$ cat coords.cif   # mmCIF, C-alpha atoms
data_my_file
#
loop_
_atom_site.label_atom_id
_atom_site.label_comp_id
_atom_site.auth_asym_id
_atom_site.auth_seq_id
_atom_site.Cartn_x
_atom_site.Cartn_y
_atom_site.Cartn_z
CA MET A 1 -66.11 -44.42 30.65
CA TYR A 2 -63.00 -43.06 28.94
CA THR A 3 -60.14 -41.31 30.67
CA ALA A 4 -58.36 -38.52 28.82
CA MET A 5 -54.59 -38.97 28.77
CA ASN A 6 -53.90 -35.40 27.65
CA GLU A 7 -55.99 -32.29 27.98
CA THR A 8 -55.53 -30.68 24.57
CA ASP A 9 -55.00 -31.90 21.04
CA ALA A 10 -51.93 -31.06 18.98
CA THR A 11 -53.48 -27.79 17.73
CA GLY A 12 -54.12 -26.62 21.27
CA THR A 13 -57.89 -27.12 21.10
CA SER A 14 -59.04 -27.70 24.65
CA ALA A 15 -61.89 -29.97 25.64
CA GLY A 16 -65.17 -28.12 25.30
CA GLN A 17 -64.00 -25.70 22.62
CA THR A 18 -65.90 -25.56 19.35
CA PRO A 19 -63.70 -26.79 16.48
CA ASP A 20 -63.29 -25.04 13.19
CA LYS A 21 -66.18 -26.18 10.97
CA ALA A 22 -63.82 -26.62 8.01
CA LEU A 23 -61.84 -29.24 9.97
CA SER A 24 -64.61 -31.81 10.17
CA ILE A 25 -62.93 -35.22 10.42
CA SER A 26 -62.12 -36.97 13.69
CA VAL A 27 -59.83 -39.95 13.20
CA ILE A 28 -60.52 -42.74 15.71
CA MET A 29 -57.99 -45.53 16.13
CA PRO A 30 -58.61 -48.27 18.70
CA VAL A 31 -55.44 -50.03 19.81
CA TYR A 32 -54.60 -53.04 21.94
CA ASN A 33 -50.90 -53.84 22.30
CA GLY A 34 -50.23 -52.23 18.94
CA ALA A 35 -46.97 -50.42 19.66
CA GLU A 36 -45.22 -52.06 16.71
CA PHE A 37 -47.96 -50.86 14.38
CA ILE A 38 -48.81 -47.33 15.51
CA VAL A 39 -45.26 -46.09 14.98
CA ARG A 40 -46.08 -46.55 11.29
CA SER A 41 -49.84 -46.00 11.16
CA LEU A 42 -50.09 -42.77 13.19
CA PRO A 43 -47.57 -40.48 11.41
CA PRO A 44 -49.51 -40.24 8.09
CA LEU A 45 -52.67 -39.34 10.00
CA LEU A 46 -50.88 -36.75 12.13
CA ASP A 47 -49.38 -35.28 8.95
CA MET A 48 -52.94 -34.86 7.66
CA LYS A 49 -53.79 -33.02 10.86
CA GLN A 50 -50.81 -30.74 10.36
CA ARG A 51 -52.03 -30.01 6.82
CA GLY A 52 -55.52 -29.21 8.13
CA GLU A 53 -57.16 -32.21 6.44
CA VAL A 54 -58.44 -33.72 9.69
CA LEU A 55 -59.47 -32.06 12.93
CA GLU A 56 -58.05 -34.53 15.43
CA VAL A 57 -56.45 -37.94 15.68
CA ILE A 58 -57.82 -39.90 18.64
CA VAL A 59 -56.14 -43.09 19.82
CA ILE A 60 -58.26 -45.00 22.32
CA ASP A 61 -56.22 -47.57 24.15
CA ASP A 62 -58.18 -50.71 24.98
CA GLY A 63 -56.25 -52.05 27.93
CA SER A 64 -52.81 -52.38 26.35
CA THR A 65 -49.97 -53.79 28.42
CA ASP A 66 -47.26 -52.53 26.06
CA SER A 67 -46.12 -48.95 25.34
CA SER A 68 -48.98 -48.09 22.95
CA GLN A 69 -50.30 -45.21 25.09
CA GLN A 70 -46.89 -43.64 25.55
CA ILE A 71 -45.98 -43.87 21.87
CA ALA A 72 -49.31 -42.40 20.72
CA ASP A 73 -48.97 -39.54 23.21
CA GLU A 74 -45.38 -38.79 22.18
CA LEU A 75 -46.33 -38.79 18.50
CA GLY A 76 -49.00 -36.15 19.17
CA ALA A 77 -52.31 -38.00 19.11
CA VAL A 78 -55.16 -37.37 21.55
CA VAL A 79 -54.91 -40.45 23.78
CA LEU A 80 -57.89 -41.89 25.63
CA SER A 81 -58.25 -45.02 27.72
CA SER A 82 -61.26 -47.33 27.49
CA GLY A 83 -60.74 -48.33 31.10
CA GLY A 84 -60.01 -51.98 30.36
CA ARG A 85 -60.16 -54.61 27.62
CA LEU A 86 -63.58 -53.94 26.06
CA GLY A 87 -63.02 -54.79 22.39
CA PRO A 88 -62.59 -52.48 19.38
CA GLY A 89 -66.31 -51.80 18.94
CA ALA A 90 -66.76 -50.52 22.48
CA ALA A 91 -63.52 -48.53 22.24
CA ARG A 92 -64.69 -46.83 19.05
CA ASN A 93 -68.05 -46.05 20.63
CA GLN A 94 -66.40 -44.34 23.58
CA ALA A 95 -64.16 -42.23 21.37
CA ALA A 96 -67.11 -41.26 19.16
CA GLU A 97 -68.89 -39.77 22.17
CA VAL A 98 -66.18 -37.15 22.66
CA ALA A 99 -65.00 -36.68 19.06
CA GLN A 100 -65.54 -33.16 17.80
CA GLY A 101 -65.67 -33.76 14.07
CA GLU A 102 -68.71 -34.02 11.82
CA PHE A 103 -67.27 -37.24 10.39
CA LEU A 104 -65.78 -40.15 12.31
CA TRP A 105 -62.98 -41.82 10.38
CA PHE A 106 -62.22 -45.24 11.84
CA VAL A 107 -58.73 -46.54 11.09
CA ASP A 108 -57.32 -49.78 12.48
CA ALA A 109 -54.02 -49.62 14.33
CA ASP A 110 -52.36 -51.96 11.81
CA VAL A 111 -53.44 -49.85 8.82
CA VAL A 112 -51.29 -47.17 7.15
CA VAL A 113 -53.47 -44.86 5.08
CA HIS A 114 -52.23 -43.36 1.84
CA SER A 115 -51.34 -39.67 1.91
CA ASP A 116 -54.38 -38.63 -0.19
CA ALA A 117 -56.90 -40.73 1.74
CA ALA A 118 -58.50 -37.86 3.68
CA GLN A 119 -59.00 -35.77 0.52
CA CYS A 120 -60.59 -38.70 -1.32
CA LEU A 121 -62.71 -39.59 1.68
CA VAL A 122 -64.28 -36.13 2.00
CA LYS A 123 -65.33 -36.20 -1.65
CA GLY A 124 -67.27 -39.39 -0.99
CA PHE A 125 -69.84 -37.57 1.14
CA ALA A 126 -71.38 -35.89 -1.88
CA THR A 127 -74.93 -35.78 -0.54
CA GLU A 128 -76.62 -35.86 2.87
CA GLN A 129 -78.03 -39.32 2.06
CA ILE A 130 -74.52 -40.80 2.06
CA VAL A 131 -73.93 -41.58 5.72
CA ALA A 132 -70.79 -43.72 5.44
CA VAL A 133 -67.90 -44.46 3.09
CA PHE A 134 -65.03 -46.93 3.16
CA GLY A 135 -61.98 -47.88 1.14
CA SER A 136 -59.77 -50.93 0.75
CA TYR A 137 -56.34 -52.37 1.36
CA ASP A 138 -53.82 -51.67 -1.36
CA SER A 139 -52.13 -54.49 -3.27
CA ASN A 140 -48.70 -54.18 -1.65
CA PRO A 141 -48.72 -55.68 1.86
CA PRO A 142 -45.30 -55.57 3.54
CA ALA A 143 -45.61 -59.14 4.92
CA ARG A 144 -44.34 -61.40 2.15
CA ASN A 145 -45.45 -64.83 3.40
CA PHE A 146 -48.11 -66.66 1.37
CA PHE A 147 -51.13 -66.21 3.62
CA SER A 148 -50.52 -62.49 4.19
CA GLN A 149 -50.19 -61.94 0.45
CA TYR A 150 -53.24 -64.06 -0.32
CA LYS A 151 -55.54 -62.49 2.28
CA ASN A 152 -54.55 -58.92 1.48
CA LEU A 153 -54.77 -59.36 -2.28
CA VAL A 154 -58.18 -61.03 -2.08
CA HIS A 155 -59.49 -58.12 0.00
CA HIS A 156 -58.09 -55.62 -2.51
CA TYR A 157 -59.43 -57.58 -5.47
CA TYR A 158 -63.03 -57.73 -4.25
CA HIS A 159 -63.18 -54.19 -2.91
CA GLN A 160 -61.77 -52.72 -6.11
CA ARG A 161 -64.40 -54.53 -8.19
CA ALA A 162 -67.43 -54.10 -5.95
CA SER A 163 -70.37 -51.80 -6.55
CA ASP A 164 -69.98 -48.15 -5.59
CA GLU A 165 -73.31 -48.43 -3.79
CA ALA A 166 -72.26 -50.68 -0.93
CA GLN A 167 -74.43 -53.01 1.10
CA THR A 168 -72.05 -53.11 4.04
CA PHE A 169 -69.42 -51.07 5.90
CA TRP A 170 -65.76 -51.60 6.79
CA SER A 171 -64.17 -50.03 9.86
CA GLY A 172 -60.58 -50.83 8.92
CA CYS A 173 -60.59 -47.59 6.93
CA GLY A 174 -64.09 -46.17 6.83
CA ALA A 175 -65.90 -43.00 7.88
CA VAL A 176 -69.42 -42.30 9.18
CA ARG A 177 -71.35 -39.12 9.79
CA ARG A 178 -71.17 -38.64 13.55
CA ASP A 179 -74.86 -37.82 13.96
CA ALA A 180 -75.90 -40.94 12.02
CA PHE A 181 -73.45 -43.08 13.99
CA LEU A 182 -74.73 -41.87 17.35
CA ALA A 183 -78.36 -42.15 16.24
CA SER A 184 -77.73 -45.79 15.27
CA GLY A 185 -76.35 -46.61 18.70
CA GLY A 186 -72.86 -47.24 17.31
CA PHE A 187 -71.24 -50.66 17.13
CA ASP A 188 -73.12 -53.56 18.71
CA VAL A 189 -70.83 -54.33 21.64
CA GLU A 190 -73.13 -56.89 23.19
CA ARG A 191 -73.05 -59.22 20.21
CA TYR A 192 -69.49 -58.47 19.07
CA GLN A 193 -67.11 -58.24 22.02
CA TYR A 194 -64.17 -59.33 19.87
CA PRO A 195 -63.03 -58.11 16.43
CA SER A 196 -65.64 -59.59 14.11
CA ILE A 197 -68.31 -58.25 11.77
CA GLU A 198 -69.42 -55.37 13.99
CA ASP A 199 -68.75 -53.02 11.08
CA ILE A 200 -70.83 -55.08 8.63
CA GLU A 201 -73.71 -55.16 11.11
CA LEU A 202 -73.46 -51.40 11.60
CA GLY A 203 -73.66 -50.94 7.83
CA HIS A 204 -76.86 -53.01 7.74
CA ARG A 205 -78.46 -50.75 10.34
CA LEU A 206 -77.31 -47.54 8.68
CA ILE A 207 -78.77 -48.67 5.35
CA GLY A 208 -81.91 -49.97 7.05
CA ALA A 209 -82.43 -46.51 8.52
CA GLY A 210 -82.48 -45.02 5.03
CA GLY A 211 -78.84 -44.05 4.67
CA ARG A 212 -76.48 -44.85 1.81
CA VAL A 213 -72.98 -46.31 2.08
CA ARG A 214 -70.39 -45.77 -0.65
CA LEU A 215 -67.25 -47.74 -1.46
CA LEU A 216 -64.41 -45.42 -2.49
CA ARG A 217 -61.75 -47.25 -4.48
CA ASP A 218 -59.31 -44.32 -4.23
CA VAL A 219 -59.25 -44.48 -0.42
CA GLN A 220 -56.55 -47.10 0.07
CA CYS A 221 -54.29 -48.22 2.88
CA THR A 222 -51.49 -50.67 3.58
CA HIS A 223 -52.24 -53.53 5.95
CA LEU A 224 -49.40 -54.42 8.34
CA LYS A 225 -50.93 -57.58 9.80
CA VAL A 226 -49.10 -60.86 9.32
CA TRP A 227 -51.49 -63.67 8.44
CA ARG A 228 -50.60 -67.29 9.02
CA PHE A 229 -52.68 -70.40 8.45
CA GLY A 230 -53.89 -70.67 12.05
CA ASN A 231 -55.04 -67.10 12.65
CA LEU A 232 -56.42 -66.84 9.10
CA ILE A 233 -58.62 -69.93 9.42
CA HIS A 234 -59.84 -68.98 12.88
CA THR A 235 -60.66 -65.41 11.82
CA GLU A 236 -62.33 -66.33 8.56
CA ILE A 237 -64.54 -69.05 10.03
CA PHE A 238 -65.33 -67.95 13.59
CA ARG A 239 -65.02 -64.17 13.33
CA ARG A 240 -66.31 -63.71 9.79
CA ALA A 241 -68.15 -66.55 8.02
CA ILE A 242 -70.27 -67.85 10.91
CA PRO A 243 -71.33 -64.48 12.41
CA TRP A 244 -71.91 -63.01 8.93
CA SER A 245 -74.07 -66.02 8.01
CA ARG A 246 -76.04 -65.54 11.22
CA LEU A 247 -76.53 -61.87 10.38
CA ILE A 248 -77.72 -62.65 6.84
CA LEU A 249 -80.08 -65.46 7.80
CA GLY A 250 -81.29 -63.69 10.91
CA SER A 251 -82.14 -60.47 9.08
CA GLY A 252 -84.26 -62.23 6.46
CA SER A 253 -83.06 -59.76 3.83
CA GLY A 254 -81.21 -62.33 1.74
CA ILE A 255 -77.58 -62.53 0.70
CA PRO A 256 -76.32 -59.16 -0.64
CA ASN A 257 -75.17 -59.34 -4.25
CA ASP A 258 -71.88 -57.62 -3.56
CA LEU A 259 -68.24 -58.16 -2.57
CA ASN A 260 -67.33 -61.80 -1.85
CA VAL A 261 -70.88 -62.98 -1.13
CA GLY A 262 -72.52 -61.96 -4.42
CA MET A 263 -74.31 -64.29 -6.81
CA SER A 264 -71.23 -64.97 -8.95
CA GLU A 265 -69.28 -65.87 -5.80
CA GLN A 266 -72.01 -68.26 -4.73
CA VAL A 267 -71.70 -70.00 -8.11
CA ARG A 268 -67.93 -70.26 -7.72
CA ALA A 269 -68.37 -71.70 -4.23
CA GLY A 270 -70.69 -74.32 -5.72
CA ILE A 271 -68.10 -75.21 -8.36
CA ALA A 272 -65.43 -75.57 -5.66
CA GLY A 273 -67.76 -77.91 -3.78
CA PHE A 274 -68.33 -80.08 -6.85
CA LEU A 275 -64.57 -80.19 -7.47
CA PHE A 276 -64.03 -81.46 -3.94
CA LEU A 277 -66.80 -84.07 -4.31
CA SER A 278 -65.47 -85.23 -7.66
CA ILE A 279 -62.00 -85.74 -6.15
CA LEU A 280 -63.50 -87.80 -3.32
CA ALA A 281 -65.57 -89.81 -5.80
CA TYR A 282 -62.45 -90.52 -7.86
CA ILE A 283 -60.48 -91.61 -4.77
CA VAL A 284 -63.13 -94.16 -3.76
CA GLY A 285 -63.52 -95.35 -7.35
CA ILE A 286 -67.02 -94.06 -8.12
CA VAL A 287 -65.94 -91.93 -11.09
CA GLY A 288 -63.00 -91.84 -13.45
CA VAL A 289 -60.27 -89.21 -13.58
CA SER A 290 -62.18 -87.27 -16.23
CA ALA A 291 -64.70 -85.99 -13.65
CA PRO A 292 -62.24 -84.10 -11.42
CA LEU A 293 -60.31 -82.93 -14.49
CA LEU A 294 -63.50 -81.50 -15.96
CA MET A 295 -64.31 -79.75 -12.68
CA ALA A 296 -60.74 -78.40 -12.48
CA MET A 297 -61.16 -76.89 -15.95
CA LEU A 298 -64.45 -75.35 -14.83
CA VAL A 299 -62.68 -73.88 -11.78
CA LEU A 300 -60.07 -72.32 -14.04
CA TYR A 301 -62.74 -70.85 -16.31
CA ALA A 302 -64.83 -69.46 -13.43
CA ASN A 303 -61.81 -68.00 -11.62
CA TRP A 304 -59.78 -66.85 -14.60
CA GLU A 305 -59.92 -63.15 -13.71
CA ILE A 306 -58.69 -63.55 -10.14
CA LEU A 307 -56.06 -66.07 -11.33
CA GLN A 308 -54.68 -63.41 -13.67
CA PHE A 309 -54.67 -60.94 -10.80
CA PHE A 310 -52.74 -63.39 -8.60
CA TYR A 311 -50.29 -64.02 -11.45
CA LYS A 312 -49.70 -60.29 -12.00
CA LYS A 313 -49.03 -59.69 -8.31
CA GLY A 314 -47.08 -62.80 -7.36
CA GLY A 315 -46.03 -64.81 -10.37
CA PRO A 316 -47.04 -68.30 -11.54
CA VAL A 317 -46.21 -70.29 -8.39
CA PHE A 318 -48.07 -67.90 -6.12
CA ALA A 319 -51.00 -67.73 -8.54
CA CYS A 320 -51.43 -71.51 -8.59
CA GLY A 321 -51.17 -71.77 -4.81
CA ALA A 322 -53.53 -68.85 -4.24
CA LEU A 323 -56.13 -70.27 -6.64
CA LEU A 324 -55.99 -73.67 -4.92
CA TYR A 325 -56.34 -72.12 -1.48
CA HIS A 326 -59.17 -69.94 -2.77
CA GLN A 327 -61.15 -73.11 -3.44
CA VAL A 328 -60.53 -74.14 0.18
CA TYR A 329 -61.79 -70.72 1.21
CA TYR A 330 -64.98 -71.33 -0.77
CA LEU A 331 -65.41 -74.70 0.94
CA TYR A 332 -65.15 -73.50 4.53
CA SER A 333 -67.18 -70.34 3.82
CA ALA A 334 -70.01 -72.33 2.23
CA SER A 335 -69.80 -74.93 5.00
CA ALA A 336 -70.11 -72.20 7.63
CA PHE A 337 -73.21 -70.84 5.90
CA ALA A 338 -74.71 -74.33 5.66
CA TRP A 339 -74.01 -74.94 9.35
CA VAL A 340 -75.72 -71.69 10.37
CA TYR A 341 -78.71 -72.57 8.18
CA ILE A 342 -78.98 -75.94 9.94
CA GLU A 343 -78.42 -74.25 13.29
CA GLN A 344 -81.29 -71.82 12.75
CA ASN A 345 -83.76 -73.84 10.70
CA VAL A 346 -83.23 -77.42 11.87
CA LEU A 347 -81.60 -77.49 15.28
CA GLY A 348 -83.38 -74.34 16.37
CA TYR A 349 -86.74 -75.78 15.34
CA PHE A 350 -85.98 -79.14 16.96
CA PHE A 351 -84.96 -77.70 20.32
CA ALA A 352 -87.77 -75.12 20.26
CA ARG A 353 -90.50 -77.74 19.74
CA PRO A 354 -92.60 -78.44 22.83
CA ARG A 355 -92.30 -81.97 24.19
CA GLY A 356 -94.82 -84.42 22.77
CA SER A 357 -95.42 -82.40 19.59
#

$ encode --input "coords.cif" --output "structure tokens"
Amino acid sequence: MYTAMNETDATGTSAGQTPDKALSISVIMPVYNGAEFIVRSLPPLLDMKQRGEVLEVIVIDDGSTDSSQQIADELGAVVLSSGGRLGPGAARNQAAEVAQGEFLWFVDADVVVHSDAAQCLVKGFATEQIVAVFGSYDSNPPARNFFSQYKNLVHHYYHQRASDEAQTFWSGCGAVRRDAFLASGGFDVERYQYPSIEDIELGHRLIGAGGRVRLLRDVQCTHLKVWRFGNLIHTEIFRRAIPWSRLILGSGSGIPNDLNVGMSEQVRAGIAGFLFLSILAYIVGIVGVSAPLLMAMLVLYANWEILQFFYKKGGPVFACGALLYHQVYYLYSASAFAWVYIEQNVLGYFFARPRGS
């Protein structure tokens, strides 16, 4: 269970007191060794509390060995301890149990929300049927290296163009009605003990229970994380693509036509695959140079919009590099999905067959 690090919040509201109904948002920020981030991510949220836009800002420390707890306490957040390294899903669940707000606003420790985020977020809960809302990263990440720029801009690009009626949820900067969250059982901490797709899976359950999830383009935040090739590949394949593929295929509900897994994205992934195969065929002498050139032109045509976006944000060199890497992204994402399909429908069947059948 959690351990409270201070007895009252910054407004003097003691544990057990009934909060003002007008102040209905509880911010929940799980943190693990995030001292370098929370000095930037907490102040905007605490300013919102000072303005009366949120009820409380809860930081739940998940076994940090740095000064995260001390910094959060000194800045004025309500600081809880998860009691050990449990993972962000379990930490959020613990904080949700004691949060006093009608809405739970989950914000990652490496995320700096824009000053109007709380106001925009509240407007998203227009009807009782809307049980969750989420926003997106902005297009100006402070880390300037290629992979940080690429990853952040791709996230922004897809979220800003996705359907308002979402088929998923994002806990980097997303809010849920507390009663719906508790009724759902919260994040699945048995399946997702590490940062993964626990938020996507929660969204599936919330929607399956009859709720609606909305994507709010005006709710934006700056991502402080520095992405490099190693942590990007590991995260995208083992923490995103494979578990998300397992969720999709295991649910039997089909691939959602939204965000970066929609039908148009599936077509682009297929084009990237054919480009790769045509290059291999050219190298071994099966086809002439015209085949990969034709596929390259098709890649340009299919990805023209995102190429223009990359160009606008980073110039011609970045745009070319980002487009090329985006084809690699399609390859490993599609390969992960294919592997999970084989895992569930071929290997699973083979190992499940009784001997002698």

$ closest_residue --input "coords.cif" --among "A:Asp218, A:Glu102, A:Glu36, A:Glu305" --to "Phe181 of chain A" --atoms "all atoms listed in the file"
A:Glu102

$ residues_around --input "coords.cif" --residues "Val226 of chain A" --least-positions-apart "6" --cutoff "10 Å" --atoms "only C-alpha atoms" --output "PyMOL selection string"
chain A and resi 110+141-149+151-152+232

$ closest_residue --input "coords.cif" --among "A:Asp116, A:Asp66, A:Glu190, A:Glu53" --to "Phe37 of chain A" --atoms "all atoms listed in the file"
A:Asp66

$ closest_residue --input "coords.cif" --among "A:Ala183, A:Ala272, A:Val39, A:Ile130" --to "Arg212 of chain A" --atoms "all atoms listed in the file"
A:Ile130

$ residues_around --input "coords.cif" --residues "Arg205 of chain A" --least-positions-apart "4" --cutoff "8 Å" --atoms "all atoms listed in the file" --output "PyMOL selection string"
chain A and resi 184+201+209

$ write_last_selection --input "coords.cif" --atoms "C-alpha atoms" --output "compact mmCIF listing (two decimals), in the frame of the given file"
# COMPACT_ATOMS: atom_id res chain seq x y z
CA SER A 184 -77.73 -45.79 15.27
CA GLU A 201 -73.71 -55.16 11.11
CA ALA A 209 -82.43 -46.51 8.52

$ residues_around --input "coords.cif" --residues "Ser335 of chain A" --least-positions-apart "5" --cutoff "10 Å" --atoms "all atoms listed in the file" --output "compact mmCIF listing (two decimals) with C-alpha atoms, in the coordinates of the input"
# COMPACT_ATOMS: atom_id res chain seq x y z
CA ILE A 237 -64.54 -69.05 10.03
CA ALA A 241 -68.15 -66.55 8.02
CA ILE A 242 -70.27 -67.85 10.91
CA ALA A 269 -68.37 -71.70 -4.23
CA GLY A 273 -67.76 -77.91 -3.78
CA TYR A 329 -61.79 -70.72 1.21
CA TYR A 330 -64.98 -71.33 -0.77
CA VAL A 340 -75.72 -71.69 10.37
CA TYR A 341 -78.71 -72.57 8.18

$ atom_distance --input "coords.cif" --atom1 "atom CA of Glu236 of chain A" --atom2 "atom CA of Phe337 of chain A"
12.1 Å

$ atom_distance --input "coords.cif" --atom1 "atom CA of Ile306 of chain A" --atom2 "atom CA of His326 of chain A"
9.8 Å

$ atom_distance --input "coords.cif" --atom1 "atom CA of Leu331 of chain A" --atom2 "atom CA of Val299 of chain A"
13.0 Å

$ residues_near_point --input "coords.cif" --point "(-56.6, -54.2, 2.1)" --cutoff "10 Å" --atoms "only C-alpha atoms" --output "ChimeraX atom specification"
/A:111,135-141,151-160,172-173,220-224

$ axis_aligned_box --input "coords.cif" --around "segment 130-142 of chain A" --padding-each-side "3 Å" --output "AutoDock Vina command-line options"
--center_x -59.9 --center_y -48.2 --center_z 1.2 --size_x 35.2 --size_y 20.9 --size_z 15.0

$ resolve_selection --input "coords.cif" --expression "the PyMOL selection byres ((chain A and resi 193-198) around 12)" --output "NGL selection string"
:A and (30-32 or 62 or 85-93 or 108 or 168-172 or 186-192 or 199-205 or 234-248)

$ residues_around --input "coords.cif" --residues "Val289 of chain A" --least-positions-apart "3" --cutoff "9 Å" --atoms "all atoms listed in the file" --output "mmCIF file with C-alpha atoms, in the coordinates of the input"
data_model
loop_
_atom_site.group_PDB
_atom_site.id
_atom_site.type_symbol
_atom_site.label_atom_id
_atom_site.label_comp_id
_atom_site.auth_asym_id
_atom_site.auth_seq_id
_atom_site.Cartn_x
_atom_site.Cartn_y
_atom_site.Cartn_z
ATOM 1 C CA SER A 278 -65.470 -85.230 -7.660
ATOM 2 C CA ILE A 279 -62.000 -85.740 -6.150
ATOM 3 C CA TYR A 282 -62.450 -90.520 -7.860
ATOM 4 C CA PRO A 292 -62.240 -84.100 -11.420
ATOM 5 C CA LEU A 293 -60.310 -82.930 -14.490
ATOM 6 C CA LEU A 294 -63.500 -81.500 -15.960
#

$ residues_near_point --input "coords.cif" --point "(-54.2, -51.4, 29.6)" --cutoff "9 Å" --atoms "only C-alpha atoms" --output "list of chain:residue names"
A:Tyr32, A:Asn33, A:Asp61, A:Asp62, A:Gly63, A:Ser64, A:Thr65, A:Asp66, A:Gln69, A:Ser81, A:Ser82, A:Gly83, A:Gly84, A:Arg85

$ closest_residue --input "coords.cif" --among "A:Ala291, A:Asp47, A:Ser251, A:Val57" --to "Gly208 of chain A" --atoms "only C-alpha atoms"
A:Ser251

$ resolve_selection --input "coords.cif" --expression "the PyMOL selection byres ((chain A and resi 310) around 9)" --output "compact mmCIF listing (two decimals) with C-alpha atoms, in the coordinates of the input"
# COMPACT_ATOMS: atom_id res chain seq x y z
CA TYR A 150 -53.24 -64.06 -0.32
CA LEU A 153 -54.77 -59.36 -2.28
CA VAL A 154 -58.18 -61.03 -2.08
CA GLU A 305 -59.92 -63.15 -13.71
CA ILE A 306 -58.69 -63.55 -10.14
CA LEU A 307 -56.06 -66.07 -11.33
CA GLN A 308 -54.68 -63.41 -13.67
CA PHE A 309 -54.67 -60.94 -10.80
CA TYR A 311 -50.29 -64.02 -11.45
CA LYS A 312 -49.70 -60.29 -12.00
CA LYS A 313 -49.03 -59.69 -8.31
CA GLY A 314 -47.08 -62.80 -7.36
CA GLY A 315 -46.03 -64.81 -10.37
CA PRO A 316 -47.04 -68.30 -11.54
CA PHE A 318 -48.07 -67.90 -6.12
CA ALA A 319 -51.00 -67.73 -8.54
CA CYS A 320 -51.43 -71.51 -8.59
CA ALA A 322 -53.53 -68.85 -4.24
CA LEU A 323 -56.13 -70.27 -6.64

$ resolve_selection --input "coords.cif" --expression "the PyMOL selection byres ((chain A and resi 271) around 10)" --output "VMD selection string"
chain A and resid 265 to 270 272 to 277 295 to 296 298 to 299 302 327 330 to 331

$ write_last_selection --input "coords.cif" --atoms "C-alpha atoms" --output "CSV table (one decimal), keeping the file's coordinate frame"
chain,number,residue,atom,x,y,z
A,265,GLU,CA,-69.3,-65.9,-5.8
A,266,GLN,CA,-72.0,-68.3,-4.7
A,267,VAL,CA,-71.7,-70.0,-8.1
A,268,ARG,CA,-67.9,-70.3,-7.7
A,269,ALA,CA,-68.4,-71.7,-4.2
A,270,GLY,CA,-70.7,-74.3,-5.7
A,272,ALA,CA,-65.4,-75.6,-5.7
A,273,GLY,CA,-67.8,-77.9,-3.8
A,274,PHE,CA,-68.3,-80.1,-6.8
A,275,LEU,CA,-64.6,-80.2,-7.5
A,276,PHE,CA,-64.0,-81.5,-3.9
A,277,LEU,CA,-66.8,-84.1,-4.3
A,295,MET,CA,-64.3,-79.8,-12.7
A,296,ALA,CA,-60.7,-78.4,-12.5
A,298,LEU,CA,-64.4,-75.4,-14.8
A,299,VAL,CA,-62.7,-73.9,-11.8
A,302,ALA,CA,-64.8,-69.5,-13.4
A,327,GLN,CA,-61.2,-73.1,-3.4
A,330,TYR,CA,-65.0,-71.3,-0.8
A,331,LEU,CA,-65.4,-74.7,0.9

$ closest_residue --input "coords.cif" --among "A:Ala175, A:Val113, A:Leu55, A:Leu249" --to "Ile342 of chain A" --atoms "only C-alpha atoms"
A:Leu249
